[in-house]
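J.: This is the structure, below, for whatever I ask next.
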Amino acid sequence: MKKHLLILLLFCISFSHYGQVLSPSIKPHPSIDNQRLAYVDTVLKQYVDKNWLTGAVTIVIKDNQVVHYKGHGYADVASKKPMPADAIFRIMSQTKGITSVGIMQLYEKGKFSLDQSIGDFIPEFKKPKVIQDYNPADTSFTFINAKREITFRDLLTHSSGLGYADIGSDRMKAIYAKAGVPSGLGTFRANLLEKMKILGKLPLEHQPGEKFTYGLNTDLLGCLIEVISGQSLEEYLQKNIFDPLGMKDTYFNVPAEKASRLPSVYTEDAQKNIIAWAPTFRNINPNYPLDKKSYFSGGAGLSSTAFDYAIFLQMLLNGGKYNGKQILGRRTVELMTSPQLDFIKEGADNFGLGFSITSERSSHLHGRNKGSFNWGGYYGTTYWVDPKENIICLIMTQHTPNSHGDYSRKVENIIYSSLLR
């Protein structure tokens with residue numbers, strides 16, 4: 001009898017951890033000092049009052065329970081519209097984590113192996129070239145043959161040698177612009193596969209697997225999802241991630257009826273005063289989430305809420321499981337959140353299969369523990385997950401660059417200072 005009761009107890013504990021659906025309602029937690037945690041509100045109010053920050057949403061989840069969730073400042077400064085907690089943010093590069101999970105779902109189905117050549121699926125990437133000499137006057141270049149093929153692991157770890165259009169090195173920006181390869185930031189009237197085929201014919205910035213270079217790797221992974229699954233990236237992510245997890249506010253194309261929940265986007269002028277992001281600034285019209293599009297950027301195209309993205313992160317923290325649904329295998333999540341790059345300087349943060357990984361040295365300098373994983377987005381969104389503390393944190397803004405971006409580290413310090421045990 002005692003044995004049966006023990007098994008039942010263990011089952012209940014397991015179900016409560018993995019089966020519980022996150023609620024946006026804030027509840028007290030015995031391991032959180034709420035008075036200390038309230039300093040998050042105090043600090044962000046000071047930044048808003050000093051006109052150092054327009055607005056933000058913060059959310060903290062401890063042991064599968066929301067302990068802090070709040071909007072700060074303004075969604076629109078001119079009208080003084082308060083920032084709602086359920087604001088829909090242009091998450092830009094936070095899209096990468098979701099796309100990385102999507103491709104790893106196909107890996108789990110045996111569609112490819114991590115060290116397989118991507119040229120097996122998009123032939124234009126076979127026998128890649130590496131840039132040797134570059135002439136900025138006319139963007140001409142010479143190249144040498146790459147030592148090996150580009151693999152799925154290279155793309156997931158940003159070590160393929162692909163650069164970034166618009167935000168990468170000067171030479172790769174120029175080469176990509178001349179070839180018409182987009183960055184994925186904003187709206188593009190183009191065919192994703194056709195653009196990736198063009199990318200496959202262009203030179204790499206360095207040999208595959210030799211350096212970390214932030215580039216169009218995840219846009220290419222999104223294209224590979226389309227090629228392998230036979231679905232658009234929008235359809236694939238909706239069916240295999242958003243619907244099963246109950247993510248109801250995450251889109252490539254934000255519905256018109258939810259447009260009012262998009263905060264305005266801000267930047268700074270030469271004097272570092274906050275100004276509205278103009279529709280032509282950096283060739284990104286901030287209304288792009290409302291434009292009906294079919295070019296789905298796996299590296300930068302999604303919009304989401306802090307709560308929706310927290311659901312996605314809770315699934316990862318649960319070992320790929322959420323609300324009784326196994327989205328990803330436990331061991332696959334462990335691979336994705338493990339250091340993958342052997343050329344990283346000792347003590348420095350490493351990179352997994354889609355996420356930056358906190359090193360032991362970093363854990364000695366700041367609050368996050370070794371093995372925490374994180375990333376962020378171009379417009380000022382950021383997140384991290386700390387498995388040791390079983391905690392998820394997101395700070396969402398639409399303000400870049402920000403000369404007073406140190407608020408993010410201060411918020412992190414406050415969160416960790418509030419942990420009692």
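Residues are referred to by chain and number: the chain letter is A, B, ... according to the order shown in the structure tokens, the number counts from 1 in that chain, and ligands are numbered separately from 1 in the order shown.
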I'd like the contact shell of Ile91 in chain A - 8 Å cut-off, only C-alpha atoms, skipping same-chain residues fewer than 6 positions apart - returned as a ChimeraX atom specification.
T.: /A:300-304,376-379,381
J.: Just the residues within 9 Å of range 355-371 of chain A, please, counting only C-alpha atoms, with nothing from its chain fewer than 3 positions along; format it as an MDAnalysis selection string.
T.: chainID A and resid 96:97 100 156:157 336:339 346:352 374:375 384:389 409 412:413 415:417
J.: Based on the selection just made, write C-alpha atoms of those residues as a PDB file, in the first residue's frame.
T.:
```
ATOM      1  CA  LYS A  96      15.743  32.371 -33.600  1.00  0.00           C
ATOM      2  CA  GLY A  97      15.086  30.221 -30.533  1.00  0.00           C
ATOM      3  CA  SER A 100      15.824  26.398 -33.765  1.00  0.00           C
ATOM      4  CA  LEU A 156      22.492  26.393 -35.212  1.00  0.00           C
ATOM      5  CA  THR A 157      25.722  27.646 -33.617  1.00  0.00           C
ATOM      6  CA  MET A 336      20.412  22.607 -27.479  1.00  0.00           C
ATOM      7  CA  THR A 337      21.371  24.154 -24.149  1.00  0.00           C
ATOM      8  CA  SER A 338      24.878  22.656 -23.981  1.00  0.00           C
ATOM      9  CA  PRO A 339      28.082  24.405 -25.170  1.00  0.00           C
ATOM     10  CA  GLU A 346      38.248  29.569 -21.888  1.00  0.00           C
ATOM     11  CA  GLY A 347      35.884  31.204 -19.436  1.00  0.00           C
ATOM     12  CA  ALA A 348      33.831  32.986 -22.076  1.00  0.00           C
ATOM     13  CA  ASP A 349      30.168  32.315 -22.724  1.00  0.00           C
ATOM     14  CA  ASN A 350      29.606  29.586 -25.288  1.00  0.00           C
ATOM     15  CA  PHE A 351      26.787  28.882 -27.732  1.00  0.00           C
ATOM     16  CA  GLY A 352      24.439  25.913 -27.949  1.00  0.00           C
ATOM     17  CA  ASN A 374      19.553  33.325 -23.255  1.00  0.00           C
ATOM     18  CA  TRP A 375      19.210  35.608 -26.258  1.00  0.00           C
ATOM     19  CA  TRP A 384      17.204  34.186 -19.921  1.00  0.00           C
ATOM     20  CA  VAL A 385      16.431  30.836 -18.345  1.00  0.00           C
ATOM     21  CA  ASP A 386      18.323  29.633 -15.270  1.00  0.00           C
ATOM     22  CA  PRO A 387      17.770  25.864 -14.823  1.00  0.00           C
ATOM     23  CA  LYS A 388      19.579  25.783 -11.479  1.00  0.00           C
ATOM     24  CA  GLU A 389      17.128  28.270  -9.959  1.00  0.00           C
ATOM     25  CA  ARG A 409      21.479  44.285 -15.621  1.00  0.00           C
ATOM     26  CA  GLU A 412      18.610  41.003 -13.239  1.00  0.00           C
ATOM     27  CA  ASN A 413      20.420  41.881 -10.006  1.00  0.00           C
ATOM     28  CA  ILE A 415      15.563  39.369  -9.387  1.00  0.00           C
ATOM     29  CA  TYR A 416      18.447  37.298  -8.035  1.00  0.00           C
ATOM     30  CA  SER A 417      18.573  39.288  -4.792  1.00  0.00           C
TER      31      SER A 417
END
```
J.: Can you list, as an NGL selection string, all residues belonging to range 55-222 of chain A that DSSP tags as strand (DSSP E)?
T.: :A and (55-62 or 65-76 or 81-82 or 89-90 or 129-135 or 140-145)
J.: I need the residues from that last selection saved to file as a CSV table (one decimal), in the first residue's frame (with N, CA, C and O atoms), if you can.
T.:
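Result file selection18.csv:
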```csv
chain,number,residue,atom,x,y,z
A,55,GLY,N,9.2,52.4,-22.3
A,55,GLY,CA,8.3,51.5,-21.7
A,55,GLY,C,8.9,50.1,-21.8
A,55,GLY,O,9.8,49.8,-22.5
A,56,ALA,N,8.3,49.2,-20.9
A,56,ALA,CA,8.8,47.8,-20.9
A,56,ALA,C,7.7,46.9,-20.3
A,56,ALA,O,6.8,47.4,-19.6
A,57,VAL,N,7.9,45.6,-20.5
A,57,VAL,CA,7.1,44.6,-19.8
A,57,VAL,C,8.1,43.7,-19.2
A,57,VAL,O,9.1,43.3,-19.9
A,58,THR,N,8.0,43.3,-18.0
A,58,THR,CA,8.8,42.3,-17.3
A,58,THR,C,8.0,41.2,-16.8
A,58,THR,O,6.9,41.4,-16.3
A,59,ILE,N,8.6,40.0,-16.8
A,59,ILE,CA,7.9,38.8,-16.3
A,59,ILE,C,9.0,37.9,-15.7
A,59,ILE,O,10.1,37.8,-16.2
A,60,VAL,N,8.6,37.4,-14.5
A,60,VAL,CA,9.5,36.4,-13.8
A,60,VAL,C,8.7,35.2,-13.4
A,60,VAL,O,7.6,35.3,-12.9
A,61,ILE,N,9.2,34.0,-13.8
A,61,ILE,CA,8.5,32.8,-13.5
A,61,ILE,C,9.5,31.9,-12.6
A,61,ILE,O,10.6,31.7,-13.0
A,62,LYS,N,9.0,31.5,-11.5
A,62,LYS,CA,9.8,30.6,-10.6
A,62,LYS,C,9.0,29.3,-10.4
A,62,LYS,O,7.8,29.4,-10.0
A,65,GLN,N,5.6,29.1,-12.0
A,65,GLN,CA,4.6,30.0,-11.4
A,65,GLN,C,5.0,31.5,-11.7
A,65,GLN,O,6.1,31.8,-11.4
A,66,VAL,N,4.1,32.3,-12.2
A,66,VAL,CA,4.4,33.7,-12.4
A,66,VAL,C,4.4,34.4,-11.1
A,66,VAL,O,3.4,34.4,-10.3
A,67,VAL,N,5.5,35.0,-10.8
A,67,VAL,CA,5.7,35.8,-9.5
A,67,VAL,C,5.8,37.3,-9.8
A,67,VAL,O,5.7,38.1,-8.8
A,68,HIS,N,6.0,37.6,-11.0
A,68,HIS,CA,6.1,39.1,-11.4
A,68,HIS,C,5.7,39.2,-12.8
A,68,HIS,O,6.1,38.4,-13.7
A,69,TYR,N,4.8,40.1,-13.1
A,69,TYR,CA,4.3,40.3,-14.5
A,69,TYR,C,3.7,41.7,-14.6
A,69,TYR,O,2.6,41.9,-14.1
A,70,LYS,N,4.4,42.6,-15.3
A,70,LYS,CA,3.9,44.0,-15.3
A,70,LYS,C,4.4,44.8,-16.5
A,70,LYS,O,5.5,44.6,-17.0
A,71,GLY,N,3.5,45.8,-16.9
A,71,GLY,CA,3.9,46.8,-17.9
A,71,GLY,C,4.4,48.0,-17.2
A,71,GLY,O,3.9,48.4,-16.1
A,72,HIS,N,5.4,48.6,-17.7
A,72,HIS,CA,6.0,49.8,-17.2
A,72,HIS,C,6.1,50.9,-18.2
A,72,HIS,O,6.4,50.7,-19.4
A,73,GLY,N,5.8,52.2,-17.8
A,73,GLY,CA,6.0,53.3,-18.7
A,73,GLY,C,4.9,53.3,-19.8
A,73,GLY,O,3.7,53.0,-19.5
A,74,TYR,N,5.3,53.6,-21.0
A,74,TYR,CA,4.3,53.9,-22.1
A,74,TYR,C,4.5,53.0,-23.3
A,74,TYR,O,5.6,52.7,-23.7
A,75,ALA,N,3.3,52.6,-23.8
A,75,ALA,CA,3.3,51.9,-25.1
A,75,ALA,C,3.5,52.9,-26.2
A,75,ALA,O,4.1,52.6,-27.3
A,76,ASP,N,3.0,54.1,-26.0
A,76,ASP,CA,3.2,55.2,-26.9
A,76,ASP,C,3.4,56.5,-26.1
A,76,ASP,O,2.5,56.9,-25.3
A,81,LYS,N,-0.1,56.6,-23.6
A,81,LYS,CA,-0.8,55.3,-23.5
A,81,LYS,C,0.1,54.4,-22.6
A,81,LYS,O,1.2,54.1,-23.0
A,82,PRO,N,-0.5,53.9,-21.5
A,82,PRO,CA,0.3,53.0,-20.7
A,82,PRO,C,0.7,51.7,-21.4
A,82,PRO,O,0.0,51.2,-22.2
A,89,PHE,N,5.1,42.5,-28.8
A,89,PHE,CA,6.4,43.1,-29.2
A,89,PHE,C,7.0,42.5,-30.5
A,89,PHE,O,6.8,41.3,-30.8
A,90,ARG,N,7.7,43.3,-31.2
A,90,ARG,CA,8.4,42.8,-32.4
A,90,ARG,C,9.7,42.2,-31.8
A,90,ARG,O,10.6,42.9,-31.4
A,129,LYS,N,32.3,28.5,-51.0
A,129,LYS,CA,33.5,29.2,-51.2
A,129,LYS,C,33.7,30.2,-50.0
A,129,LYS,O,32.8,30.6,-49.3
A,130,VAL,N,35.0,30.6,-49.7
A,130,VAL,CA,35.3,31.5,-48.6
A,130,VAL,C,36.0,32.7,-49.2
A,130,VAL,O,36.9,32.6,-50.0
A,131,ILE,N,35.5,33.9,-48.8
A,131,ILE,CA,36.1,35.1,-49.3
A,131,ILE,C,37.6,35.2,-49.0
A,131,ILE,O,38.0,34.9,-47.8
A,132,GLN,N,38.4,35.7,-49.9
A,132,GLN,CA,39.8,35.8,-49.7
A,132,GLN,C,40.2,37.3,-49.7
A,132,GLN,O,40.7,37.9,-48.7
A,133,ASP,N,40.0,38.0,-50.8
A,133,ASP,CA,40.3,39.4,-51.0
A,133,ASP,C,39.0,40.1,-51.4
A,133,ASP,O,38.2,39.6,-52.1
A,134,TYR,N,38.9,41.3,-50.9
A,134,TYR,CA,37.6,42.1,-51.1
A,134,TYR,C,38.0,43.5,-51.5
A,134,TYR,O,38.9,44.2,-50.8
A,135,ASN,N,37.4,44.1,-52.5
A,135,ASN,CA,37.6,45.4,-53.0
A,135,ASN,C,36.4,46.3,-52.7
A,135,ASN,O,35.3,46.1,-53.3
A,140,SER,N,33.9,43.8,-55.5
A,140,SER,CA,34.4,42.6,-56.1
A,140,SER,C,35.2,41.8,-55.0
A,140,SER,O,35.7,42.4,-54.1
A,141,PHE,N,35.4,40.5,-55.3
A,141,PHE,CA,36.1,39.7,-54.3
A,141,PHE,C,36.7,38.5,-55.0
A,141,PHE,O,36.3,38.1,-56.1
A,142,THR,N,37.7,37.9,-54.4
A,142,THR,CA,38.2,36.6,-54.8
A,142,THR,C,37.9,35.6,-53.7
A,142,THR,O,37.6,36.0,-52.5
A,143,PHE,N,38.0,34.3,-54.0
A,143,PHE,CA,37.6,33.3,-53.0
A,143,PHE,C,38.5,32.1,-53.1
A,143,PHE,O,39.2,31.9,-54.1
A,144,ILE,N,38.4,31.3,-52.1
A,144,ILE,CA,39.0,30.0,-52.1
A,144,ILE,C,38.0,28.9,-51.7
A,144,ILE,O,36.9,29.3,-51.2
A,145,ASN,N,38.3,27.7,-52.0
A,145,ASN,CA,37.3,26.6,-51.6
A,145,ASN,C,37.3,26.4,-50.1
A,145,ASN,O,38.3,26.5,-49.5
```
J.: Using only C-alpha atoms, find the one residue out of A:Tyr266, A:Tyr107, A:Phe188, A:Tyr39 that sits nearest to Phe296 in chain A.
T.: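 Closest to Phe296 in chain A of all the choices is A:Phe188.
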J.: Excluding same-chain residues fewer than 2 positions from Thr99 in chain A, what lies within 12 Å of it counting only C-alpha atoms, as an MDAnalysis selection string?
T.: chainID A and resid 92:97 101:106 155:156 217:226 233:234 236:238 240:242 296:302 312 353:355
J.: Could you dump the residues just selected with C-alpha atoms as a CSV table (one decimal), in the first residue's frame?
T.:
```
chain,number,residue,atom,x,y,z
A,92,MET,CA,13.2,40.2,-33.9
A,93,SER,CA,16.1,37.8,-33.1
A,94,GLN,CA,14.1,36.1,-30.3
A,95,THR,CA,12.5,34.4,-33.3
A,96,LYS,CA,15.7,32.4,-33.6
A,97,GLY,CA,15.1,30.2,-30.5
A,101,VAL,CA,13.3,24.3,-31.9
A,102,GLY,CA,11.3,23.8,-35.1
A,103,ILE,CA,14.3,22.4,-37.0
A,104,MET,CA,15.2,20.2,-34.1
A,105,GLN,CA,11.8,18.7,-34.2
A,106,LEU,CA,12.5,17.6,-37.7
A,155,LEU,CA,23.9,27.0,-38.7
A,156,LEU,CA,22.5,26.4,-35.2
A,217,ASN,CA,22.0,31.1,-40.3
A,218,THR,CA,18.6,31.0,-38.7
A,219,ASP,CA,16.8,32.5,-41.7
A,220,LEU,CA,18.4,29.6,-43.7
A,221,LEU,CA,17.2,27.1,-41.0
A,222,GLY,CA,13.7,28.5,-41.5
A,223,CYS,CA,14.0,27.9,-45.2
A,224,LEU,CA,15.2,24.4,-44.5
A,225,ILE,CA,12.1,23.8,-42.4
A,226,GLU,CA,10.0,24.8,-45.4
A,233,LEU,CA,7.5,28.4,-41.8
A,234,GLU,CA,4.4,30.2,-40.6
A,236,TYR,CA,4.9,24.8,-39.5
A,237,LEU,CA,5.5,26.8,-36.4
A,238,GLN,CA,1.7,27.3,-35.8
A,240,ASN,CA,4.0,22.2,-34.2
A,241,ILE,CA,4.8,24.8,-31.6
A,242,PHE,CA,2.3,27.6,-31.1
A,296,PHE,CA,9.0,34.3,-43.3
A,297,SER,CA,12.3,35.2,-41.6
A,298,GLY,CA,13.2,32.4,-39.2
A,299,GLY,CA,15.8,34.8,-37.7
A,300,ALA,CA,13.8,37.9,-37.1
A,301,GLY,CA,10.2,37.8,-38.3
A,302,LEU,CA,8.0,37.0,-35.3
A,312,PHE,CA,7.9,28.6,-24.9
A,353,LEU,CA,22.0,24.9,-30.7
A,354,GLY,CA,20.2,28.2,-30.8
A,355,PHE,CA,21.1,29.8,-27.5
```
J.: To one decimal in Å, tell me the separation between CA of Thr151 in chain A and CA of Phe373 in chain A.
T.: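 One can read the CA of Thr151 in chain A to CA of Phe373 in chain A distance as 22.4 Å.
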J.: Check range 157-279 of chain A with DSSP on the backbone and list each residue it calls alpha helix (DSSP H), as JSON, numbers by chain.
T.: {"A": [170, 171, 172, 173, 174, 175, 176, 177, 178, 179, 192, 193, 194, 195, 196, 197, 198, 199, 200, 217, 218, 219, 220, 221, 222, 223, 224, 225, 226, 227, 228, 229, 233, 234, 235, 236, 237, 243, 244, 245]}
J.: For the residues selected in the previous step, produce a file with N, CA and C atoms as a tab-separated table (two decimals), in the first residue's frame.
T.:
```
chain	number	residue	atom	x	y	z
A	170	ASP	N	30.97	45.20	-42.92
A	170	ASP	CA	30.79	46.09	-44.07
A	170	ASP	C	30.86	45.33	-45.39
A	171	ARG	N	31.82	44.41	-45.50
A	171	ARG	CA	31.98	43.74	-46.79
A	171	ARG	C	30.83	42.78	-47.07
A	172	MET	N	30.34	42.08	-46.04
A	172	MET	CA	29.24	41.15	-46.28
A	172	MET	C	27.94	41.91	-46.51
A	173	LYS	N	27.75	43.03	-45.83
A	173	LYS	CA	26.57	43.86	-46.09
A	173	LYS	C	26.55	44.30	-47.55
A	174	ALA	N	27.71	44.72	-48.04
A	174	ALA	CA	27.79	45.20	-49.42
A	174	ALA	C	27.55	44.06	-50.42
A	175	ILE	N	28.15	42.92	-50.17
A	175	ILE	CA	28.00	41.77	-51.07
A	175	ILE	C	26.55	41.30	-51.10
A	176	TYR	N	25.93	41.21	-49.93
A	176	TYR	CA	24.54	40.76	-49.86
A	176	TYR	C	23.59	41.79	-50.51
A	177	ALA	N	23.86	43.07	-50.28
A	177	ALA	CA	23.01	44.11	-50.87
A	177	ALA	C	23.05	44.06	-52.39
A	178	LYS	N	24.24	43.88	-52.93
A	178	LYS	CA	24.41	43.81	-54.39
A	178	LYS	C	23.67	42.60	-54.96
A	179	ALA	N	23.63	41.52	-54.19
A	179	ALA	CA	22.97	40.29	-54.66
A	179	ALA	C	21.47	40.28	-54.34
A	192	LEU	N	11.46	33.15	-50.16
A	192	LEU	CA	12.53	32.80	-49.23
A	192	LEU	C	13.52	31.82	-49.85
A	193	LEU	N	13.05	30.77	-50.46
A	193	LEU	CA	13.95	29.77	-51.05
A	193	LEU	C	14.81	30.36	-52.15
A	194	GLU	N	14.22	31.21	-52.97
A	194	GLU	CA	15.00	31.84	-54.05
A	194	GLU	C	16.12	32.70	-53.47
A	195	LYS	N	15.83	33.44	-52.42
A	195	LYS	CA	16.86	34.30	-51.80
A	195	LYS	C	17.93	33.45	-51.12
A	196	MET	N	17.54	32.35	-50.50
A	196	MET	CA	18.54	31.50	-49.87
A	196	MET	C	19.41	30.79	-50.91
A	197	LYS	N	18.85	30.48	-52.07
A	197	LYS	CA	19.65	29.90	-53.15
A	197	LYS	C	20.71	30.89	-53.62
A	198	ILE	N	20.34	32.16	-53.69
A	198	ILE	CA	21.31	33.20	-54.04
A	198	ILE	C	22.40	33.28	-52.98
A	199	LEU	N	21.99	33.23	-51.70
A	199	LEU	CA	22.94	33.25	-50.59
A	199	LEU	C	23.92	32.10	-50.70
A	200	GLY	N	23.44	30.94	-51.14
A	200	GLY	CA	24.30	29.76	-51.25
A	200	GLY	C	25.40	29.90	-52.27
A	217	ASN	N	22.10	32.57	-40.51
A	217	ASN	CA	22.01	31.13	-40.27
A	217	ASN	C	20.58	30.66	-39.98
A	218	THR	N	19.87	31.41	-39.13
A	218	THR	CA	18.55	30.95	-38.71
A	218	THR	C	17.49	31.25	-39.76
A	219	ASP	N	17.70	32.27	-40.60
A	219	ASP	CA	16.82	32.46	-41.75
A	219	ASP	C	16.94	31.26	-42.67
A	220	LEU	N	18.17	30.78	-42.84
A	220	LEU	CA	18.39	29.60	-43.67
A	220	LEU	C	17.77	28.36	-43.02
A	221	LEU	N	17.85	28.24	-41.71
A	221	LEU	CA	17.18	27.13	-41.02
A	221	LEU	C	15.67	27.17	-41.22
A	222	GLY	N	15.11	28.37	-41.20
A	222	GLY	CA	13.68	28.51	-41.47
A	222	GLY	C	13.33	28.04	-42.87
A	223	CYS	N	14.19	28.36	-43.82
A	223	CYS	CA	13.99	27.89	-45.19
A	223	CYS	C	14.10	26.37	-45.26
A	224	LEU	N	15.04	25.81	-44.54
A	224	LEU	CA	15.20	24.35	-44.51
A	224	LEU	C	13.99	23.67	-43.89
A	225	ILE	N	13.37	24.31	-42.90
A	225	ILE	CA	12.11	23.77	-42.36
A	225	ILE	C	11.07	23.69	-43.46
A	226	GLU	N	10.99	24.75	-44.28
A	226	GLU	CA	10.02	24.76	-45.37
A	226	GLU	C	10.32	23.66	-46.38
A	227	VAL	N	11.59	23.52	-46.75
A	227	VAL	CA	11.99	22.51	-47.73
A	227	VAL	C	11.72	21.10	-47.22
A	228	ILE	N	12.10	20.83	-45.98
A	228	ILE	CA	12.00	19.48	-45.43
A	228	ILE	C	10.55	19.11	-45.09
A	229	SER	N	9.80	20.06	-44.53
A	229	SER	CA	8.43	19.77	-44.08
A	229	SER	C	7.39	19.91	-45.19
A	233	LEU	N	6.99	28.28	-43.22
A	233	LEU	CA	7.47	28.38	-41.84
A	233	LEU	C	6.34	28.83	-40.92
A	234	GLU	N	5.50	29.72	-41.40
A	234	GLU	CA	4.36	30.18	-40.61
A	234	GLU	C	3.45	29.01	-40.25
A	235	GLU	N	3.11	28.17	-41.25
A	235	GLU	CA	2.24	27.03	-41.00
A	235	GLU	C	2.90	26.02	-40.07
A	236	TYR	N	4.18	25.76	-40.30
A	236	TYR	CA	4.88	24.75	-39.50
A	236	TYR	C	4.93	25.14	-38.03
A	237	LEU	N	5.35	26.37	-37.76
A	237	LEU	CA	5.47	26.79	-36.36
A	237	LEU	C	4.11	26.84	-35.67
A	243	ASP	N	0.32	26.20	-31.52
A	243	ASP	CA	-0.96	25.58	-31.15
A	243	ASP	C	-0.80	24.58	-30.00
A	244	PRO	N	0.16	23.64	-30.06
A	244	PRO	CA	0.31	22.69	-28.95
A	244	PRO	C	0.61	23.36	-27.61
A	245	LEU	N	1.38	24.44	-27.64
A	245	LEU	CA	1.75	25.12	-26.39
A	245	LEU	C	0.69	26.11	-25.92
```
J.: Which residue, A:Leu290, A:Ile274, A:Met247, A:Ile395, has the smallest gap to Ser408 in chain A when you use only C-alpha atoms?
T.: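 Residue with the minimum atom-to-atom distance to Ser408 in chain A: A:Ile395.
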J.: For each of A:Leu216, A:Glu124, A:Thr139, A:Lys293, take the minimum atom-to-atom distance to Gly163 in chain A, counting only C-alpha atoms, then give the residue where this is smallest.
T.: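 Closest to Gly163 in chain A of all the choices is A:Leu216.
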J.: One decimal, in Å: what's the spacing between CA of Ala85 in chain A and CA of Lys27 in chain A?
T.: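 Separation between CA of Ala85 in chain A and CA of Lys27 in chain A: 15.8 Å.
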J.: From the set A:Glu108, A:Phe152, A:Lys201, A:His158, which residue has the shortest atom-to-atom contact distance to Gln326 in chain A, counting only C-alpha atoms?
T.: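 For Gln326 in chain A, the nearest of the candidates is A:Glu108.
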